[in-house]
file upload.txt (compact mmCIF, C-alpha atoms)
# COMPACT_ATOMS: atom_id res chain seq x y z
CA MET A 1 12.53 -18.17 11.00
CA ARG A 2 9.76 -19.78 8.99
CA ARG A 3 6.60 -21.60 9.87
CA LEU A 4 3.66 -22.71 7.82
CA TYR A 5 0.56 -20.56 7.78
CA PRO A 6 -1.68 -22.07 10.45
CA GLN A 7 -5.38 -22.77 10.31
CA THR A 8 -6.46 -19.82 12.45
CA LYS A 9 -10.14 -19.20 11.75
CA GLY A 10 -11.76 -17.68 14.81
CA ARG A 11 -8.49 -16.37 16.25
CA LYS A 12 -7.92 -12.61 16.26
CA ARG A 13 -4.26 -12.52 17.26
CA LEU A 14 -1.56 -10.91 15.14
CA ASP A 15 1.06 -13.64 14.61
CA THR A 16 4.50 -13.48 13.03
CA VAL A 17 4.51 -16.05 10.21
CA TYR A 18 7.88 -15.19 8.66
CA LEU A 19 10.98 -13.42 9.96
CA ASP A 20 14.53 -13.02 8.71
CA ASP A 21 16.98 -10.14 8.39
CA ALA A 22 15.24 -8.74 5.29
CA LEU A 23 11.57 -9.56 5.78
CA LYS A 24 8.96 -9.67 8.51
CA VAL A 25 5.43 -10.88 7.87
CA GLU A 26 2.64 -10.78 10.43
CA CYS A 27 -0.85 -12.15 9.91
CA LEU A 28 -4.23 -11.35 11.43
CA PRO A 29 -6.86 -13.96 10.45
CA GLY A 30 -10.27 -12.93 9.18
CA GLU A 31 -13.60 -14.65 8.67
CA GLY A 32 -13.97 -14.15 4.91
CA LYS A 33 -12.10 -15.26 1.81
CA ARG A 34 -10.18 -12.05 1.08
CA LEU A 35 -6.51 -11.44 1.89
CA VAL A 36 -5.23 -7.86 2.19
CA VAL A 37 -1.44 -7.57 2.07
CA VAL A 38 -0.34 -4.31 3.71
CA LEU A 39 3.16 -3.26 2.65
CA SER A 40 4.83 -1.16 5.33
CA GLY A 41 6.55 2.15 4.70
CA ILE A 42 10.01 3.12 5.93
CA GLY A 43 8.67 3.39 9.48
CA HIS A 44 7.39 -0.21 9.21
CA GLY A 45 3.85 1.01 9.85
CA PHE A 46 1.18 2.61 7.67
CA ALA A 47 1.66 6.39 7.44
CA GLY A 48 2.56 6.59 11.13
CA MET A 49 -0.16 4.17 12.22
CA GLN A 50 1.01 0.99 13.90
CA HIS A 51 -0.41 -2.33 12.76
CA ALA A 52 -2.93 -2.66 15.56
CA GLU A 53 -4.34 0.78 14.73
CA PHE A 54 -4.68 0.15 10.99
CA ALA A 55 -5.81 -3.48 11.27
CA GLY A 56 -9.45 -2.50 11.76
CA THR A 57 -9.49 -0.62 8.46
CA ALA A 58 -7.70 -3.26 6.39
CA SER A 59 -9.65 -6.13 7.95
CA ASP A 60 -13.05 -4.47 7.45
CA GLY A 61 -14.09 -5.33 10.96
CA GLY A 62 -12.54 -8.79 10.95
CA GLN A 63 -13.84 -9.95 7.57
CA ASN A 64 -10.51 -9.82 5.73
CA THR A 65 -7.36 -11.71 6.62
CA VAL A 66 -4.58 -9.11 6.81
CA MET A 67 -0.86 -9.64 6.27
CA PHE A 68 1.56 -6.91 7.30
CA VAL A 69 4.75 -7.14 5.24
CA ALA A 70 7.88 -5.18 6.23
CA ASP A 71 10.89 -4.69 3.95
CA ARG A 72 13.23 -4.53 6.94
CA LYS A 73 16.19 -3.20 4.94
CA ARG A 74 14.08 -0.41 3.42
CA SER A 75 15.31 -1.50 0.00
CA TRP A 76 12.15 -0.52 -1.87
CA PHE A 77 11.66 -4.25 -2.45
CA SER A 78 15.00 -4.58 -4.26
CA ALA A 79 16.83 -6.78 -1.73
CA ASP A 80 18.07 -10.03 -3.23
CA GLY A 81 15.23 -12.57 -3.33
CA LEU A 82 12.80 -10.39 -1.37
CA VAL A 83 9.94 -10.19 -3.86
CA PRO A 84 9.89 -13.95 -4.61
CA LYS A 85 10.01 -14.59 -0.87
CA ILE A 86 6.97 -12.36 -0.26
CA ALA A 87 5.12 -14.01 -3.14
CA ASP A 88 5.88 -17.43 -1.64
CA VAL A 89 4.62 -16.49 1.83
CA VAL A 90 1.46 -14.92 0.39
CA GLY A 91 0.83 -17.92 -1.85
CA GLU A 92 1.21 -20.23 1.13
CA ALA A 93 -1.34 -18.19 3.10
CA LEU A 94 -3.83 -18.23 0.25
CA HIS A 95 -3.51 -22.00 -0.07
CA HIS A 96 -3.49 -23.04 3.58
CA ALA A 97 -6.26 -20.68 4.71
CA GLY A 98 -8.50 -21.29 1.70
CA LEU A 99 -8.49 -17.62 0.64
CA ASN A 100 -9.49 -16.82 -2.93
CA ALA A 101 -8.65 -13.16 -3.54
CA CYS A 102 -5.54 -11.09 -2.79
CA TYR A 103 -5.25 -7.30 -2.56
CA THR A 104 -2.18 -5.17 -1.89
CA LEU A 105 -2.14 -1.89 0.02
CA GLY A 106 0.62 0.50 1.02
CA ASN A 107 1.80 4.07 1.53
CA SER A 108 5.03 5.63 0.19
CA MET A 109 7.56 2.76 -0.03
CA GLY A 110 4.65 0.45 0.72
CA GLY A 111 2.62 2.09 -2.04
CA TYR A 112 5.43 1.36 -4.48
CA GLY A 113 5.47 -2.23 -3.20
CA ALA A 114 1.70 -2.59 -3.58
CA ILE A 115 2.04 -2.07 -7.33
CA ARG A 116 5.44 -3.77 -7.70
CA LEU A 117 4.25 -7.07 -6.26
CA THR A 118 1.45 -7.42 -8.81
CA MET A 119 4.06 -8.59 -11.32
CA ASP A 120 5.00 -11.57 -9.14
CA MET A 121 1.76 -12.78 -7.59
CA PRO A 122 -1.95 -12.73 -8.44
CA VAL A 123 -3.49 -9.52 -7.09
CA LYS A 124 -7.07 -8.48 -7.75
CA ALA A 125 -6.52 -4.81 -6.86
CA SER A 126 -3.57 -2.74 -5.66
CA LEU A 127 -4.09 0.35 -3.48
CA ALA A 128 -1.04 2.61 -3.61
CA PHE A 129 -0.95 5.84 -1.60
CA SER A 130 1.87 8.25 -2.52
CA PRO A 131 3.95 5.64 -4.34
CA GLN A 132 7.33 6.61 -5.76
CA PHE A 133 7.49 6.04 -9.51
CA SER A 134 11.16 5.22 -9.07
CA MET A 135 13.94 5.74 -6.54
CA ASP A 136 16.53 6.01 -9.31
CA ARG A 137 17.75 9.62 -9.39
CA SER A 138 18.50 9.29 -13.09
CA VAL A 139 14.75 8.77 -13.58
CA ILE A 140 13.41 11.36 -11.13
CA ASN A 141 15.99 13.59 -9.50
CA GLU A 142 15.01 14.61 -5.98
CA ALA A 143 16.62 14.49 -2.56
CA ARG A 144 13.80 12.93 -0.57
CA TRP A 145 14.74 9.58 0.98
CA ASP A 146 18.42 9.98 0.03
CA GLN A 147 19.44 8.30 3.30
CA TYR A 148 17.82 5.06 2.10
CA ARG A 149 19.28 4.98 -1.41
CA PRO A 150 22.40 3.01 -0.34
CA PHE A 151 20.06 0.12 0.54
CA ILE A 152 18.40 0.08 -2.90
CA ASP A 153 19.80 -2.22 -5.60
CA LEU A 154 18.94 -0.38 -8.82
CA SER A 155 19.58 -3.53 -10.86
CA ARG A 156 16.46 -5.01 -9.24
CA HIS A 157 14.50 -1.80 -8.66
CA LEU A 158 11.90 -1.39 -11.40
CA PRO A 159 10.11 1.84 -12.33
CA LEU A 160 6.38 1.51 -11.84
CA SER A 161 5.85 1.74 -15.60
CA ARG A 162 7.18 -1.83 -15.72
CA CYS A 163 5.01 -3.04 -12.83
CA ILE A 164 1.45 -2.32 -13.93
CA SER A 165 0.10 -5.87 -14.17
CA PRO A 166 -2.68 -6.03 -16.78
CA ASP A 167 -4.52 -8.54 -14.60
CA THR A 168 -4.88 -6.15 -11.63
CA THR A 169 -7.03 -3.08 -11.00
CA HIS A 170 -4.64 -0.40 -9.74
CA TYR A 171 -5.50 2.65 -7.62
CA ALA A 172 -2.80 5.28 -7.07
CA VAL A 173 -3.60 8.16 -4.71
CA PHE A 174 -1.51 11.34 -4.55
CA GLY A 175 -1.70 14.66 -2.76
CA ALA A 176 -2.18 17.30 -5.44
CA GLY A 177 -0.69 20.06 -3.29
CA SER A 178 2.92 18.91 -3.75
CA PRO A 179 4.77 19.38 -7.07
CA PRO A 180 7.15 16.47 -6.32
CA GLU A 181 4.16 14.18 -5.80
CA VAL A 182 2.64 15.38 -9.08
CA ARG A 183 5.91 14.55 -10.87
CA HIS A 184 5.73 10.96 -9.67
CA ARG A 185 2.11 10.75 -10.81
CA ASP A 186 2.90 12.24 -14.21
CA LEU A 187 5.46 9.52 -14.93
CA LEU A 188 2.88 6.76 -14.51
CA PRO A 189 1.69 5.33 -17.83
CA HIS A 190 -1.85 5.66 -19.11
CA ALA A 191 -3.53 2.29 -18.74
CA PRO A 192 -7.21 1.29 -18.69
CA ASN A 193 -6.75 -0.55 -15.39
CA LEU A 194 -4.80 2.26 -13.63
CA ASN A 195 -6.89 4.80 -11.73
CA CYS A 196 -5.07 7.88 -10.39
CA LEU A 197 -6.65 10.10 -7.76
CA MET A 198 -5.20 13.56 -7.20
CA LEU A 199 -6.66 14.81 -3.93
CA PRO A 200 -6.33 18.43 -2.75
CA GLY A 201 -5.01 19.84 0.50
CA ALA A 202 -2.10 17.47 0.93
CA GLY A 203 1.22 16.26 -0.41
CA HIS A 204 3.02 13.10 0.65
CA ASN A 205 0.83 13.22 3.78
CA ILE A 206 -2.38 12.41 1.91
CA VAL A 207 -3.09 9.38 4.14
CA VAL A 208 -2.82 11.58 7.25
CA ARG A 209 -5.25 14.10 5.76
CA LEU A 210 -7.69 11.37 4.75
CA LYS A 211 -7.60 9.97 8.26
CA GLU A 212 -8.06 13.43 9.86
CA THR A 213 -11.20 14.03 7.82
CA GLY A 214 -12.62 10.55 8.43
CA HIS A 215 -12.36 9.41 4.83
CA LEU A 216 -9.44 6.94 4.94
CA LYS A 217 -11.39 3.83 5.91
CA PRO A 218 -14.33 4.47 3.54
CA LEU A 219 -11.92 5.10 0.66
CA VAL A 220 -9.87 1.98 1.37
CA LEU A 221 -13.00 -0.17 1.56
CA ALA A 222 -14.42 1.34 -1.64
CA MET A 223 -11.18 0.53 -3.45
CA LEU A 224 -11.09 -3.00 -2.07
CA ASN A 225 -14.61 -3.39 -3.47
CA GLU A 226 -13.54 -1.70 -6.74
CA ASP A 227 -16.57 0.59 -6.39
CA ASP A 228 -15.67 3.54 -8.60
CA GLY A 229 -18.91 5.37 -7.83
CA ALA A 230 -18.24 5.28 -4.10
CA ILE A 231 -14.62 6.30 -4.68
CA ALA A 232 -15.77 9.39 -6.60
CA GLN A 233 -18.29 10.34 -3.89
CA ILE A 234 -15.77 9.91 -1.07
CA SER A 235 -13.16 11.93 -2.96
CA ALA A 236 -15.65 14.76 -3.45
CA ARG A 237 -16.63 14.77 0.23
CA TYR A 238 -12.96 14.76 1.23
CA ALA A 239 -12.31 17.79 -1.00
CA LEU A 240 -15.06 19.73 0.79
CA ASP A 241 -13.93 18.66 4.25
CA ILE A 242 -10.23 19.34 3.71
CA ALA A 243 -11.08 22.85 2.49
CA THR A 244 -12.78 23.48 5.84
CA VAL A 245 -9.80 22.03 7.73
CA LEU A 246 -7.31 24.17 5.81
CA ALA A 247 -9.39 27.31 6.36
CA ALA A 248 -9.48 26.61 10.10
CA GLU A 249 -5.72 25.99 10.18
CA LYS A 250 -5.10 29.24 8.33
CA ALA A 251 -7.34 31.16 10.72
CA GLY A 252 -5.21 29.76 13.50

call {"tool": "encode", "arguments": {"input": "upload.txt", "output": "structure tokens"}}
result
Amino acid sequence: MRRLYPQTKGRKRLDTVYLDDALKVECLPGEGKRLVVVLSGIGHGFAGMQHAEFAGTASDGGQNTVMFVADRKRSWFSADGLVPKIADVVGEALHHAGLNACYTLGNSMGGYGAIRLTMDMPVKASLAFSPQFSMDRSVINEARWDQYRPFIDLSRHLPLSRCISPDTTHYAVFGAGSPPEVRHRDLLPHAPNLNCLMLPGAGHNIVVRLKETGHLKPLVLAMLNEDDGAIAQISARYALDIATVLAAEKAG
């Protein structure tokens, strides 16, 4: 199913704008000129949050147009023709709605996709939470997500070292409390436009911890605005707050 991106200024309804067996794209119109493309994780939400719950954060109170993109086969964006198809749908939205800036955002598989897509479409900034550097076990050998590996075509699955577009500001956020997460971070290349945040008190659940402490939305908005000073301040406040949370959890 395919239909052209409609002129939807003033409407606040989440509409399906593309659907086939490999891809689902939903769109929530905003009032401004910025498009935020949210790449879903394996649960087809954002770290356990359904689209309606996360829309307020990504839309910045209705200012941003938000597209929710689901890799329905959980192929880590390796399904035949999937990435060009996403780029086409996004390009159509930018053109028909008169939007002038595109950002990508995702967690886990979606975090990988947020960076991966910058090689195929113009993205001002990518926000990747807990992205996998690669799902190829010859690159990083671990058992997580093994049930999804049969759906990944390694001939089209690129390591993130080959996906860091020089024209994009990249933010990669990891939980420093998990050695497997640190391994994925350590494989990322050093690049002047790649900013890695290692946040304490979490592993692959860093988005959940940020939400629990009230810092997820401020951090997302600071990254969308590419405000490195605000990002540093929010990260420092999160570190203090998560220490309090962990102490309370330990005390029981």

call {"tool": "axis_aligned_box", "arguments": {"input": "upload.txt", "around": "region 232-235 of chain A", "padding_each_side": "4 Å", "output": "AutoDock Vina command-line options"}}
result
--center_x -15.7 --center_y 10.7 --center_z -3.8 --size_x 13.1 --size_y 10.5 --size_z 13.5

call {"tool": "residues_around", "arguments": {"input": "upload.txt", "residues": "Val38 (chain A)", "least_positions_apart": "6", "cutoff": "9 Å", "atoms": "all atoms listed in the file", "output": "PyMOL selection string"}}
result
chain A and resi 46+58+66-70+103-107+110+114

call {"tool": "closest_residue", "arguments": {"input": "upload.txt", "among": "A:His184, A:Ala251, A:Thr169, A:His204", "to": "Asn141 (chain A)", "atoms": "all atoms listed in the file"}}
result
A:His184

call {"tool": "residues_around", "arguments": {"input": "upload.txt", "residues": "Leu197 (chain A)", "least_positions_apart": "6", "cutoff": "9 Å", "atoms": "all atoms listed in the file", "output": "list in words"}}
result
Tyr171, Ala172, Val173, Phe174, Gly175, Ala176 and Ser235 of chain A

call {"tool": "atom_distance", "arguments": {"input": "upload.txt", "atom1": "CA of Asp241 (chain A)", "atom2": "CA of Gly61 (chain A)"}}
result
24.9 Å

call {"tool": "closest_residue", "arguments": {"input": "upload.txt", "among": "A:Ile231, A:Ser108, A:Tyr238, A:His170", "to": "Trp145 (chain A)", "atoms": "only C-alpha atoms"}}
result
A:Ser108

call {"tool": "residues_around", "arguments": {"input": "upload.txt", "residues": "Arg183 (chain A)", "least_positions_apart": "6", "cutoff": "10 Å", "atoms": "all atoms listed in the file", "output": "VMD selection string"}}
result
chain A and resid 132 to 133 140

call {"tool": "closest_residue", "arguments": {"input": "upload.txt", "among": "A:Leu160, A:Leu154, A:Ala55, A:Ile42", "to": "Leu28 (chain A)", "atoms": "all atoms listed in the file"}}
result
A:Ala55

call {"tool": "residues_around", "arguments": {"input": "upload.txt", "residues": "region 221-227 of chain A", "least_positions_apart": "2", "cutoff": "12 Å", "atoms": "all atoms listed in the file", "output": "JSON, numbers by chain"}}
result
{"A": [34, 35, 36, 37, 56, 57, 58, 59, 60, 61, 63, 64, 101, 102, 103, 104, 105, 123, 124, 125, 126, 127, 128, 129, 168, 169, 170, 171, 172, 173, 193, 194, 195, 196, 197, 215, 216, 217, 218, 219, 229, 230, 231, 232, 233, 234, 235]}

call {"tool": "atom_distance", "arguments": {"input": "upload.txt", "atom1": "CA of Arg162 (chain A)", "atom2": "CA of Asp71 (chain A)"}}
result
20.2 Å

call {"tool": "residues_around", "arguments": {"input": "upload.txt", "residues": "region 82-94 of chain A", "least_positions_apart": "2", "cutoff": "9 Å", "atoms": "only C-alpha atoms", "output": "NGL selection string"}}
result
:A and (4-6 or 17-18 or 22-23 or 25 or 33-35 or 37 or 67 or 69 or 71 or 77-80 or 96-102 or 116-117 or 120-122)

call {"tool": "atom_distance", "arguments": {"input": "upload.txt", "atom1": "CA of Ser178 (chain A)", "atom2": "CA of Ala243 (chain A)"}}
result
15.8 Å

call {"tool": "decode", "arguments": {"input": "upload.txt", "residues": "region 99-130 of chain A", "atoms": "N, CA and C atoms", "output": "tab-separated table (two decimals), in the first residue's frame"}}
result
chain	number	residue	atom	x	y	z
A	99	LEU	N	9.18	20.53	4.32
A	99	LEU	CA	10.09	20.44	5.47
A	99	LEU	C	11.52	20.63	4.98
A	100	ASN	N	12.37	21.21	5.83
A	100	ASN	CA	13.71	21.54	5.35
A	100	ASN	C	14.84	20.92	6.15
A	101	ALA	N	14.54	20.10	7.15
A	101	ALA	CA	15.60	19.46	7.93
A	101	ALA	C	15.12	18.11	8.42
A	102	CYS	N	15.97	17.10	8.29
A	102	CYS	CA	15.62	15.73	8.68
A	102	CYS	C	16.57	15.24	9.76
A	103	TYR	N	16.00	14.58	10.77
A	103	TYR	CA	16.77	14.00	11.87
A	103	TYR	C	16.33	12.55	12.02
A	104	THR	N	17.24	11.67	12.41
A	104	THR	CA	16.89	10.28	12.67
A	104	THR	C	17.12	9.96	14.14
A	105	LEU	N	16.30	9.06	14.66
A	105	LEU	CA	16.30	8.74	16.09
A	105	LEU	C	15.88	7.29	16.27
A	106	GLY	N	16.61	6.54	17.10
A	106	GLY	CA	16.21	5.17	17.34
A	106	GLY	C	16.95	4.55	18.51
A	107	ASN	N	16.42	3.41	18.96
A	107	ASN	CA	17.00	2.67	20.07
A	107	ASN	C	17.25	1.23	19.63
A	108	SER	N	18.41	0.68	19.99
A	108	SER	CA	18.78	-0.70	19.65
A	108	SER	C	18.79	-0.88	18.13
A	109	MET	N	17.97	-1.76	17.56
A	109	MET	CA	17.92	-1.90	16.11
A	109	MET	C	17.62	-0.55	15.46
A	110	GLY	N	16.73	0.22	16.09
A	110	GLY	CA	16.42	1.55	15.58
A	110	GLY	C	17.59	2.51	15.69
A	111	GLY	N	18.41	2.34	16.73
A	111	GLY	CA	19.61	3.16	16.86
A	111	GLY	C	20.60	2.87	15.75
A	112	TYR	N	20.76	1.57	15.43
A	112	TYR	CA	21.58	1.20	14.28
A	112	TYR	C	21.04	1.87	13.02
A	113	GLY	N	19.71	1.76	12.83
A	113	GLY	CA	19.10	2.35	11.65
A	113	GLY	C	19.25	3.85	11.57
A	114	ALA	N	19.23	4.53	12.72
A	114	ALA	CA	19.35	5.99	12.73
A	114	ALA	C	20.67	6.43	12.11
A	115	ILE	N	21.74	5.68	12.38
A	115	ILE	CA	23.04	5.99	11.78
A	115	ILE	C	23.11	5.45	10.35
A	116	ARG	N	22.64	4.22	10.16
A	116	ARG	CA	22.73	3.57	8.83
A	116	ARG	C	22.08	4.42	7.74
A	117	LEU	N	20.94	5.01	8.03
A	117	LEU	CA	20.20	5.72	7.00
A	117	LEU	C	20.87	7.02	6.57
A	118	THR	N	21.83	7.51	7.34
A	118	THR	CA	22.48	8.76	6.96
A	118	THR	C	23.32	8.61	5.70
A	119	MET	N	23.61	7.38	5.30
A	119	MET	CA	24.36	7.16	4.07
A	119	MET	C	23.48	7.23	2.84
A	120	ASP	N	22.16	7.22	3.03
A	120	ASP	CA	21.25	7.13	1.89
A	120	ASP	C	20.27	8.29	1.80
A	121	MET	N	20.29	9.19	2.77
A	121	MET	CA	19.40	10.35	2.68
A	121	MET	C	20.00	11.47	3.52
A	122	PRO	N	19.66	12.72	3.20
A	122	PRO	CA	20.25	13.85	3.94
A	122	PRO	C	19.69	13.94	5.36
A	123	VAL	N	20.57	13.82	6.34
A	123	VAL	CA	20.17	13.85	7.74
A	123	VAL	C	21.05	14.87	8.46
A	124	LYS	N	20.43	15.80	9.15
A	124	LYS	CA	21.21	16.82	9.86
A	124	LYS	C	21.87	16.24	11.10
A	125	ALA	N	21.13	15.44	11.86
A	125	ALA	CA	21.70	14.80	13.05
A	125	ALA	C	21.03	13.45	13.26
A	126	SER	N	21.83	12.47	13.67
A	126	SER	CA	21.30	11.15	14.03
A	126	SER	C	21.46	10.96	15.53
A	127	LEU	N	20.41	10.41	16.16
A	127	LEU	CA	20.40	10.16	17.60
A	127	LEU	C	20.23	8.66	17.79
A	128	ALA	N	21.30	7.98	18.17
A	128	ALA	CA	21.30	6.52	18.26
A	128	ALA	C	21.51	6.10	19.70
A	129	PHE	N	20.49	5.48	20.29
A	129	PHE	CA	20.59	4.94	21.64
A	129	PHE	C	20.86	3.44	21.55
A	130	SER	N	21.92	3.00	22.20
A	130	SER	CA	22.29	1.57	22.25
A	130	SER	C	22.32	0.92	20.87
